[in-house]
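Enquirer: There's a structure below that I have some questions on.
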Amino acid sequence: MAITIRKATENDSAFLAQMILQSSRAEKIECVFNLIFQTNDTKVLLENIEKLTKTKAKSQCHYSNFLVAESDGKLVGSLCSYEPRISTKQVFLNALLESGCDETVSERLEVLYGCDFDLNNRTLMFDYMEELEGFVDVGVMKALMQKSLLNARLKGYRIAQSIVEIGSLEALLFYRKLGFTKVQEKECELYKEKFGRAGLVLLAIEF
């Protein structure tokens with residue numbers, strides 16, 4: 001199966017919304033976007049996340065941060081890479097306000113940020129690494145990661161990091177196969193109460 005990797009465009013936004021939601025759920029019923037947009041309606045969540053990928057404020061969810069994988073002309077996977085010094089918490093808040101959230105969203109974000117890490121601005125962050133069901137184990141994720149690491153090297157980065165939920169066993173296993181190691185783990189009661197996961201794990205790879 002031939003897999004082509006390319007930069008995402010605005011036309012890919014609906015697919016990216018699907019991948020962002022799938023990644024954030026990570027086999028849970030609720031995720032941070034349920035909290036942010038205050039709904040359990042998947043259609044509404046996808047519509048709001050799609051708006052988020054196209055805002056003027058370039059948060060980590062902006063389409064320009066993504067690579068997508070194609071097979072036989074069909075989009076089958078995604079991987080986001082962003083710079084923490086550019087896609088800051090404030091930029092994310094601005095993007096959410098731009099996509100239709102009211103000012104109270106900043107309070108809801110505190111649940112997430114209460115279990116956050118102090119990220120090194122000299123590292124590149126990877127997020128929303130997902131593939132469509134039916135394309136597991138055909139090399140989609142590996143191809144996306146290899147291209148992203150190559151792009152990171154060209155930008156002068158030597159360390160990449162990713163944040164995964166404690167208990168996301170498949171994601172943790174995949175990152176470890178790629179050479180990522182655990183840097184830090186943080187357990188948070190409020191995060192567990194909201195999402196059913198004990199907290200977050202910070203992973204890193206040097207290349």
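Labeling convention for the structure tokens: chains A, B, ... as they appear, residues from 1 per chain, ligands from 1 in order of appearance.
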Which residues, written as a list of chain:residue names, have at least one atom at most 8 Å from stretch 118-128 of chain A, with only C-alpha atoms counted and residues fewer than 5 positions away on the same chain left out?
Expert: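 Result of the neighbour search: A:Met19, A:Ile20, A:Ser23, A:Ser24, A:Ser78, A:Leu79, A:Cys80, A:Ser81, A:Tyr82, A:Glu83, A:Pro84, A:Arg85, A:Ala152, A:Tyr157, A:Arg158, A:Ile159, A:Ala160, A:Gln161, A:Ser162, A:Ile163.
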Enquirer: Since we have the selection now, will you write its residues out, keeping all heavy atoms, as a short mmCIF file (atom, residue, chain, number, x, y, z; two decimals), in the first residue's frame?
Expert:
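The new file out_30.cif reads:
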```cif
data_model
loop_
_atom_site.label_atom_id
_atom_site.label_comp_id
_atom_site.auth_asym_id
_atom_site.auth_seq_id
_atom_site.Cartn_x
_atom_site.Cartn_y
_atom_site.Cartn_z
N MET A 19 -9.74 13.65 13.20
CA MET A 19 -8.54 13.08 13.79
C MET A 19 -8.24 13.71 15.16
O MET A 19 -7.83 13.01 16.10
CB MET A 19 -7.34 13.27 12.86
CG MET A 19 -7.42 12.51 11.55
SD MET A 19 -7.36 10.68 11.74
CE MET A 19 -9.12 10.27 11.75
N ILE A 20 -8.45 15.01 15.29
CA ILE A 20 -8.22 15.69 16.58
C ILE A 20 -9.16 15.14 17.63
O ILE A 20 -8.75 14.84 18.76
CB ILE A 20 -8.41 17.22 16.42
CG1 ILE A 20 -7.26 17.83 15.61
CG2 ILE A 20 -8.49 17.90 17.79
CD1 ILE A 20 -7.49 19.27 15.19
N SER A 23 -8.20 11.48 18.50
CA SER A 23 -6.99 11.46 19.32
C SER A 23 -7.29 11.90 20.75
O SER A 23 -6.79 11.30 21.71
CB SER A 23 -5.93 12.37 18.70
OG SER A 23 -4.80 12.47 19.54
N SER A 24 -8.09 12.95 20.88
CA SER A 24 -8.38 13.49 22.21
C SER A 24 -9.23 12.53 23.05
O SER A 24 -9.08 12.46 24.26
CB SER A 24 -9.10 14.84 22.09
OG SER A 24 -8.30 15.76 21.40
N SER A 78 -3.05 11.58 10.37
CA SER A 78 -2.60 12.94 10.63
C SER A 78 -1.55 12.96 11.73
O SER A 78 -1.49 12.07 12.57
CB SER A 78 -3.78 13.83 11.06
OG SER A 78 -4.20 13.49 12.37
N LEU A 79 -0.74 13.99 11.72
CA LEU A 79 0.21 14.26 12.80
C LEU A 79 0.46 15.76 12.85
O LEU A 79 0.80 16.38 11.84
CB LEU A 79 1.53 13.51 12.58
CG LEU A 79 2.63 13.76 13.61
CD1 LEU A 79 2.17 13.45 15.02
CD2 LEU A 79 3.88 12.93 13.29
N CYS A 80 0.29 16.32 14.04
CA CYS A 80 0.52 17.74 14.27
C CYS A 80 1.90 17.93 14.90
O CYS A 80 2.30 17.17 15.78
CB CYS A 80 -0.56 18.27 15.22
SG CYS A 80 -0.21 19.89 15.93
N SER A 81 2.63 18.93 14.42
CA SER A 81 3.86 19.32 15.11
C SER A 81 3.85 20.84 15.25
O SER A 81 3.59 21.54 14.26
CB SER A 81 5.10 18.86 14.34
OG SER A 81 5.15 19.43 13.05
N TYR A 82 4.06 21.32 16.47
CA TYR A 82 3.98 22.76 16.70
C TYR A 82 5.06 23.21 17.68
O TYR A 82 5.62 22.40 18.43
CB TYR A 82 2.59 23.15 17.23
CG TYR A 82 2.26 22.64 18.61
CD1 TYR A 82 2.51 23.40 19.75
CD2 TYR A 82 1.68 21.38 18.78
CE1 TYR A 82 2.18 22.93 21.01
CE2 TYR A 82 1.36 20.90 20.03
CZ TYR A 82 1.62 21.68 21.15
OH TYR A 82 1.30 21.20 22.39
N GLU A 83 5.35 24.50 17.64
CA GLU A 83 6.37 25.08 18.50
C GLU A 83 5.69 25.74 19.69
O GLU A 83 4.88 26.66 19.51
CB GLU A 83 7.19 26.10 17.71
CG GLU A 83 7.91 25.50 16.52
CD GLU A 83 8.54 26.54 15.62
OE1 GLU A 83 9.71 26.90 15.87
OE2 GLU A 83 7.87 27.00 14.69
N PRO A 84 5.98 25.30 20.92
CA PRO A 84 5.32 25.86 22.11
C PRO A 84 5.50 27.36 22.26
O PRO A 84 4.64 28.03 22.82
CB PRO A 84 5.99 25.10 23.27
CG PRO A 84 6.54 23.87 22.67
CD PRO A 84 6.91 24.22 21.27
N ARG A 85 6.60 27.90 21.75
CA ARG A 85 6.84 29.34 21.88
C ARG A 85 5.92 30.14 20.96
O ARG A 85 5.71 31.33 21.16
CB ARG A 85 8.30 29.66 21.56
CG ARG A 85 8.72 29.39 20.14
CD ARG A 85 10.20 29.61 19.88
NE ARG A 85 10.55 29.31 18.49
CZ ARG A 85 10.40 30.19 17.50
NH1 ARG A 85 9.95 31.40 17.75
NH2 ARG A 85 10.73 29.85 16.27
N ALA A 152 11.60 18.53 11.37
CA ALA A 152 12.10 19.12 12.62
C ALA A 152 13.61 19.35 12.55
O ALA A 152 14.12 20.39 12.99
CB ALA A 152 11.75 18.21 13.80
N TYR A 157 15.69 21.66 15.12
CA TYR A 157 15.33 21.00 16.39
C TYR A 157 16.09 19.68 16.53
O TYR A 157 16.37 19.01 15.55
CB TYR A 157 13.82 20.73 16.44
CG TYR A 157 13.01 21.97 16.71
CD1 TYR A 157 12.41 22.66 15.66
CD2 TYR A 157 12.83 22.47 17.99
CE1 TYR A 157 11.66 23.81 15.87
CE2 TYR A 157 12.09 23.61 18.22
CZ TYR A 157 11.51 24.27 17.17
OH TYR A 157 10.78 25.40 17.40
N ARG A 158 16.39 19.34 17.77
CA ARG A 158 17.07 18.07 18.06
C ARG A 158 16.30 17.23 19.09
O ARG A 158 16.65 16.11 19.37
CB ARG A 158 18.49 18.33 18.57
CG ARG A 158 19.41 18.91 17.49
CD ARG A 158 19.62 17.92 16.36
NE ARG A 158 20.41 18.47 15.25
CZ ARG A 158 19.90 19.03 14.16
NH1 ARG A 158 18.58 19.11 14.00
NH2 ARG A 158 20.67 19.50 13.20
N ILE A 159 15.27 17.85 19.68
CA ILE A 159 14.42 17.14 20.65
C ILE A 159 12.96 17.38 20.30
O ILE A 159 12.56 18.50 19.99
CB ILE A 159 14.68 17.63 22.09
CG1 ILE A 159 16.13 17.40 22.50
CG2 ILE A 159 13.75 16.91 23.08
CD1 ILE A 159 16.49 18.00 23.85
N ALA A 160 12.17 16.32 20.32
CA ALA A 160 10.73 16.42 20.13
C ALA A 160 10.04 15.80 21.34
O ALA A 160 10.56 14.85 21.94
CB ALA A 160 10.28 15.73 18.86
N GLN A 161 8.90 16.34 21.71
CA GLN A 161 8.16 15.83 22.86
C GLN A 161 6.70 15.60 22.50
O GLN A 161 6.20 16.13 21.51
CB GLN A 161 8.25 16.83 24.02
CG GLN A 161 9.65 17.00 24.58
CD GLN A 161 9.69 17.92 25.79
OE1 GLN A 161 9.04 18.95 25.83
NE2 GLN A 161 10.47 17.54 26.79
N SER A 162 6.05 14.79 23.30
CA SER A 162 4.62 14.57 23.14
C SER A 162 4.02 14.29 24.52
O SER A 162 4.71 13.82 25.43
CB SER A 162 4.34 13.39 22.21
OG SER A 162 2.96 13.31 21.92
N ILE A 163 2.75 14.61 24.66
CA ILE A 163 2.04 14.38 25.93
C ILE A 163 0.93 13.36 25.68
O ILE A 163 0.12 13.53 24.77
CB ILE A 163 1.47 15.69 26.49
CG1 ILE A 163 2.60 16.67 26.83
CG2 ILE A 163 0.60 15.42 27.72
CD1 ILE A 163 2.13 18.07 27.20
#
```
Enquirer: Set the distance at 7 Å and use only C-alpha atoms: which residues neighbour A:Val91 once local chain neighbours fewer than 3 positions away are removed? I'd like the list as a list of chain:residue names.
Expert: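 These residues fall inside the cut-off: A:Ala57, A:Lys58, A:Ser59, A:Ser87, A:Thr88, A:Asn94, A:Ala95.
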Enquirer: Keeping only N, CA and C atoms, take the residues you just selected and write them out as a JSON list (two decimals), in the first residue's frame.
Expert:
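Full text of part_6.json as output:
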```
[["chain", "number", "residue", "atom", "x", "y", "z"],
["A", 57, "ALA", "N", -5.85, 32.99, 14.58],
["A", 57, "ALA", "CA", -4.90, 32.65, 15.65],
["A", 57, "ALA", "C", -4.43, 31.22, 15.41],
["A", 58, "LYS", "N", -3.13, 31.04, 15.20],
["A", 58, "LYS", "CA", -2.61, 29.74, 14.82],
["A", 58, "LYS", "C", -2.23, 28.92, 16.05],
["A", 59, "SER", "N", -3.24, 28.31, 16.65],
["A", 59, "SER", "CA", -3.02, 27.42, 17.79],
["A", 59, "SER", "C", -2.46, 26.09, 17.30],
["A", 87, "SER", "N", 2.70, 28.52, 19.43],
["A", 87, "SER", "CA", 1.34, 28.07, 19.74],
["A", 87, "SER", "C", 1.18, 28.00, 21.26],
["A", 88, "THR", "N", 1.06, 29.16, 21.88],
["A", 88, "THR", "CA", 1.01, 29.27, 23.34],
["A", 88, "THR", "C", -0.42, 29.05, 23.86],
["A", 94, "ASN", "N", -7.20, 32.50, 22.29],
["A", 94, "ASN", "CA", -7.65, 33.41, 21.24],
["A", 94, "ASN", "C", -8.37, 32.66, 20.12],
["A", 95, "ALA", "N", -7.84, 31.49, 19.77],
["A", 95, "ALA", "CA", -8.46, 30.68, 18.71],
["A", 95, "ALA", "C", -9.84, 30.18, 19.14]]
```
Enquirer: Which of these, A:Leu172, A:Val68, A:Leu132, A:Cys101, has the shortest distance to A:Asn11 once you count only C-alpha atoms?
Expert: A:Val68
Enquirer: To one decimal in Å, tell me the separation between atom CA of A:Leu52 and atom CA of A:Glu98.
Expert: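 It comes out at 8.0 Å.
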Enquirer: Using only C-alpha atoms, determine which residues lie at most 7 Å from A:Arg6, disregarding the query and same-chain residues fewer than 2 positions distant; provide the list as a list of chain:residue names.
Expert: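 The filter keeps A:Thr4, A:Ala8, A:Leu67, A:Val68, A:Ala69.
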Enquirer: Could you pull out the strand (DSSP E) residues of stretch 31-154 of chain A from DSSP and send them as a CSV table (one decimal) with all heavy atoms, in the first residue's frame?
Expert:
```
chain,number,residue,atom,x,y,z
A,66,PHE,N,-0.2,20.7,10.6
A,66,PHE,CA,-0.4,19.2,10.3
A,66,PHE,C,0.3,18.7,9.1
A,66,PHE,O,0.3,19.4,8.1
A,66,PHE,CB,-1.9,19.0,10.2
A,66,PHE,CG,-2.6,18.9,11.6
A,66,PHE,CD1,-3.0,20.1,12.2
A,66,PHE,CD2,-2.9,17.7,12.2
A,66,PHE,CE1,-3.7,20.0,13.4
A,66,PHE,CE2,-3.5,17.6,13.4
A,66,PHE,CZ,-3.9,18.8,14.0
A,67,LEU,N,0.7,17.5,9.2
A,67,LEU,CA,0.9,16.6,8.0
A,67,LEU,C,-0.2,15.6,7.9
A,67,LEU,O,-0.8,15.2,8.9
A,67,LEU,CB,2.2,15.9,8.1
A,67,LEU,CG,3.5,16.6,8.1
A,67,LEU,CD1,4.7,15.7,8.3
A,67,LEU,CD2,3.7,17.4,6.8
A,68,VAL,N,-0.6,15.3,6.7
A,68,VAL,CA,-1.6,14.2,6.5
A,68,VAL,C,-1.1,13.1,5.6
A,68,VAL,O,-0.2,13.3,4.8
A,68,VAL,CB,-2.9,14.8,5.9
A,68,VAL,CG1,-3.6,15.7,6.9
A,68,VAL,CG2,-2.6,15.5,4.6
A,69,ALA,N,-1.6,11.9,5.8
A,69,ALA,CA,-1.2,10.8,5.0
A,69,ALA,C,-2.3,10.4,4.1
A,69,ALA,O,-3.5,10.4,4.5
A,69,ALA,CB,-0.9,9.6,6.0
A,70,GLU,N,-2.0,10.1,2.9
A,70,GLU,CA,-3.0,9.7,1.9
A,70,GLU,C,-2.6,8.3,1.3
A,70,GLU,O,-1.4,8.0,1.2
A,70,GLU,CB,-3.0,10.7,0.7
A,70,GLU,CG,-3.6,12.0,1.0
A,70,GLU,CD,-3.7,12.9,-0.2
A,70,GLU,OE1,-2.7,13.0,-1.0
A,70,GLU,OE2,-4.7,13.6,-0.4
A,71,SER,N,-3.6,7.5,1.0
A,71,SER,CA,-3.5,6.3,0.4
A,71,SER,C,-4.6,6.1,-0.7
A,71,SER,O,-5.8,6.2,-0.4
A,71,SER,CB,-3.6,5.1,1.4
A,71,SER,OG,-3.4,3.9,0.7
A,74,LYS,N,-7.1,8.8,-0.6
A,74,LYS,CA,-7.9,9.0,0.5
A,74,LYS,C,-7.1,9.4,1.7
A,74,LYS,O,-6.0,8.8,2.0
A,74,LYS,CB,-8.6,7.6,0.8
A,74,LYS,CG,-9.5,7.7,2.1
A,74,LYS,CD,-10.2,6.3,2.3
A,74,LYS,CE,-11.0,6.3,3.6
A,74,LYS,NZ,-11.7,5.0,3.8
A,75,LEU,N,-7.6,10.3,2.5
A,75,LEU,CA,-6.9,10.8,3.7
A,75,LEU,C,-7.0,9.7,4.8
A,75,LEU,O,-8.1,9.2,5.1
A,75,LEU,CB,-7.5,12.1,4.3
A,75,LEU,CG,-7.2,13.3,3.4
A,75,LEU,CD1,-8.0,14.5,3.9
A,75,LEU,CD2,-5.7,13.7,3.5
A,76,VAL,N,-5.9,9.2,5.3
A,76,VAL,CA,-5.9,8.1,6.3
A,76,VAL,C,-5.2,8.4,7.6
A,76,VAL,O,-5.3,7.5,8.5
A,76,VAL,CB,-5.3,6.8,5.6
A,76,VAL,CG1,-6.1,6.4,4.4
A,76,VAL,CG2,-3.9,7.1,5.2
A,77,GLY,N,-4.5,9.5,7.7
A,77,GLY,CA,-3.8,9.7,9.0
A,77,GLY,C,-3.4,11.2,9.1
A,77,GLY,O,-3.3,11.9,8.2
A,78,SER,N,-3.1,11.6,10.4
A,78,SER,CA,-2.6,12.9,10.6
A,78,SER,C,-1.6,13.0,11.7
A,78,SER,O,-1.5,12.1,12.6
A,78,SER,CB,-3.8,13.8,11.1
A,78,SER,OG,-4.2,13.5,12.4
A,79,LEU,N,-0.7,14.0,11.7
A,79,LEU,CA,0.2,14.3,12.8
A,79,LEU,C,0.5,15.8,12.8
A,79,LEU,O,0.8,16.4,11.8
A,79,LEU,CB,1.5,13.5,12.6
A,79,LEU,CG,2.6,13.8,13.6
A,79,LEU,CD1,2.2,13.4,15.0
A,79,LEU,CD2,3.9,12.9,13.3
A,80,CYS,N,0.3,16.3,14.0
A,80,CYS,CA,0.5,17.7,14.3
A,80,CYS,C,1.9,17.9,14.9
A,80,CYS,O,2.3,17.2,15.8
A,80,CYS,CB,-0.6,18.3,15.2
A,80,CYS,SG,-0.2,19.9,15.9
A,81,SER,N,2.6,18.9,14.4
A,81,SER,CA,3.9,19.3,15.1
A,81,SER,C,3.8,20.8,15.2
A,81,SER,O,3.6,21.5,14.3
A,81,SER,CB,5.1,18.9,14.3
A,81,SER,OG,5.1,19.4,13.1
A,82,TYR,N,4.1,21.3,16.5
A,82,TYR,CA,4.0,22.8,16.7
A,82,TYR,C,5.1,23.2,17.7
A,82,TYR,O,5.6,22.4,18.4
A,82,TYR,CB,2.6,23.2,17.2
A,82,TYR,CG,2.3,22.6,18.6
A,82,TYR,CD1,2.5,23.4,19.7
A,82,TYR,CD2,1.7,21.4,18.8
A,82,TYR,CE1,2.2,22.9,21.0
A,82,TYR,CE2,1.4,20.9,20.0
A,82,TYR,CZ,1.6,21.7,21.2
A,82,TYR,OH,1.3,21.2,22.4
A,124,LEU,N,10.2,20.7,19.9
A,124,LEU,CA,9.0,20.6,19.1
A,124,LEU,C,8.0,19.6,19.7
A,124,LEU,O,8.4,18.6,20.1
A,124,LEU,CB,9.4,20.2,17.7
A,124,LEU,CG,8.4,20.4,16.5
A,124,LEU,CD1,8.3,21.9,16.2
A,124,LEU,CD2,8.9,19.7,15.3
A,125,MET,N,6.8,20.0,19.7
A,125,MET,CA,5.7,19.2,20.2
A,125,MET,C,5.0,18.4,19.1
A,125,MET,O,4.7,19.0,18.1
A,125,MET,CB,4.7,20.0,21.0
A,125,MET,CG,5.3,20.6,22.3
A,125,MET,SD,5.9,19.5,23.5
A,125,MET,CE,4.4,18.5,23.9
A,126,PHE,N,4.7,17.1,19.4
A,126,PHE,CA,3.9,16.3,18.5
A,126,PHE,C,2.6,16.0,19.1
A,126,PHE,O,2.5,15.8,20.4
A,126,PHE,CB,4.6,14.9,18.2
A,126,PHE,CG,5.8,15.1,17.3
A,126,PHE,CD1,6.8,14.1,17.3
A,126,PHE,CD2,5.9,16.1,16.3
A,126,PHE,CE1,7.9,14.2,16.4
A,126,PHE,CE2,7.0,16.2,15.5
A,126,PHE,CZ,8.0,15.2,15.5
A,127,ASP,N,1.5,16.1,18.4
A,127,ASP,CA,0.2,15.8,18.9
A,127,ASP,C,-0.7,15.3,17.8
A,127,ASP,O,-0.4,15.4,16.6
A,127,ASP,CB,-0.4,17.1,19.5
A,127,ASP,CG,-1.4,16.9,20.6
A,127,ASP,OD1,-1.9,15.7,20.7
A,127,ASP,OD2,-1.7,17.8,21.3
A,128,TYR,N,-1.9,14.8,18.2
A,128,TYR,CA,-2.9,14.4,17.3
A,128,TYR,C,-2.4,13.4,16.2
A,128,TYR,O,-2.7,13.6,15.0
A,128,TYR,CB,-3.6,15.6,16.6
A,128,TYR,CG,-4.1,16.6,17.6
A,128,TYR,CD1,-3.7,18.0,17.5
A,128,TYR,CD2,-4.9,16.2,18.7
A,128,TYR,CE1,-4.1,18.9,18.4
A,128,TYR,CE2,-5.3,17.2,19.6
A,128,TYR,CZ,-4.9,18.5,19.5
A,128,TYR,OH,-5.4,19.4,20.4
A,129,MET,N,-1.6,12.4,16.7
A,129,MET,CA,-1.1,11.4,15.8
A,129,MET,C,-2.2,10.3,15.7
A,129,MET,O,-2.4,9.5,16.6
A,129,MET,CB,0.2,10.8,16.3
A,129,MET,CG,0.8,9.8,15.4
A,129,MET,SD,2.5,9.3,15.8
A,129,MET,CE,2.3,8.7,17.5
A,130,GLU,N,-2.9,10.2,14.6
A,130,GLU,CA,-4.0,9.3,14.4
A,130,GLU,C,-4.1,8.7,13.0
A,130,GLU,O,-3.5,9.3,12.1
A,130,GLU,CB,-5.3,10.0,14.7
A,130,GLU,CG,-5.6,10.2,16.2
A,130,GLU,CD,-5.8,8.9,17.0
A,130,GLU,OE1,-6.5,8.0,16.4
A,130,GLU,OE2,-5.3,8.8,18.1
A,131,GLU,N,-4.8,7.6,12.9
A,131,GLU,CA,-5.0,7.0,11.6
A,131,GLU,C,-6.5,6.5,11.6
A,131,GLU,O,-7.0,6.2,12.6
A,131,GLU,CB,-4.0,5.9,11.3
A,131,GLU,CG,-4.1,4.8,12.4
A,131,GLU,CD,-2.8,3.9,12.3
A,131,GLU,OE1,-2.1,3.9,11.3
A,131,GLU,OE2,-2.6,3.2,13.3
```
Enquirer: As an exercise, work out the distance from atom CA of A:Leu97 to atom CA of A:Gly114 in Å and give it to one decimal place.
Expert: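 Between atom CA of A:Leu97 and atom CA of A:Gly114 the gap is 20.4 Å.
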Enquirer: So, counting only C-alpha atoms, which residue among A:Lys186, A:His62, A:Lys43, A:Lys142 is closest to A:Phe117?
Expert: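 Between A:Lys186, A:His62, A:Lys43, A:Lys142, the residue approaching A:Phe117 most closely is A:Lys186.
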Enquirer: Calculated over only C-alpha atoms, which of the candidates A:Leu154, A:Asn40, A:Arg25, A:Asp102 has the smallest distance to A:Gly196?
Expert: A:Arg25
Enquirer: Excluding A:Val32 and residues on its chain fewer than 5 positions from it, collect all residues at most 9 Å away from it, counting only C-alpha atoms, and give them as a list of chain:residue names.
Expert: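 With the cut-off at 9 Å, the set is A:Ser24, A:Arg25, A:Phe37, A:Leu109, A:Val111, A:Leu112, A:Lys194, A:Phe195.
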Enquirer: Let me see the file: selected residues, C-alpha atoms, as an mmCIF file, in the first residue's frame.
Expert:
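And here is the file that came out, out.cif:
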```cif
data_model
loop_
_atom_site.group_PDB
_atom_site.id
_atom_site.type_symbol
_atom_site.label_atom_id
_atom_site.label_comp_id
_atom_site.auth_asym_id
_atom_site.auth_seq_id
_atom_site.Cartn_x
_atom_site.Cartn_y
_atom_site.Cartn_z
ATOM 1 C CA SER A 24 -8.381 13.486 22.214
ATOM 2 C CA ARG A 25 -10.925 10.825 23.095
ATOM 3 C CA PHE A 37 -17.459 23.311 23.881
ATOM 4 C CA LEU A 109 -9.224 25.246 30.413
ATOM 5 C CA VAL A 111 -8.855 21.698 34.366
ATOM 6 C CA LEU A 112 -6.439 20.845 31.563
ATOM 7 C CA LYS A 194 -13.385 14.853 34.462
ATOM 8 C CA PHE A 195 -11.848 12.373 32.027
#
```
Enquirer: For atom CA of A:Asn151 and atom CA of A:Glu206, quote the distance in Å rounded to one decimal.
Expert: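 Atom-to-atom, atom CA of A:Asn151 and atom CA of A:Glu206 are spaced 13.9 Å apart.
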Enquirer: So which one's closest to A:Leu21, A:Gln90, A:Gln146, A:Thr53, A:Thr9? Using only C-alpha atoms, please.
Expert: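 Distance minimum relative to A:Leu21 lands on A:Thr53.
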Enquirer: Can you tell me, as a list in words, which residues in stretch 8-49 of chain A count as alpha helix (DSSP H) by DSSP?
Expert: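 Written out, the alpha helix (DSSP H) residues of stretch 8-49 of chain A are Ser13, Ala14, Phe15, Leu16, Ala17, Gln18, Met19, Ile20, Leu21, Gln22, Ser23, Ser24, Arg25, Val32, Phe33, Asn34, Leu35, Ile36, Phe37, Thr42, Lys43, Val44, Leu45, Leu46, Glu47, Asn48 and Ile49 of chain A.
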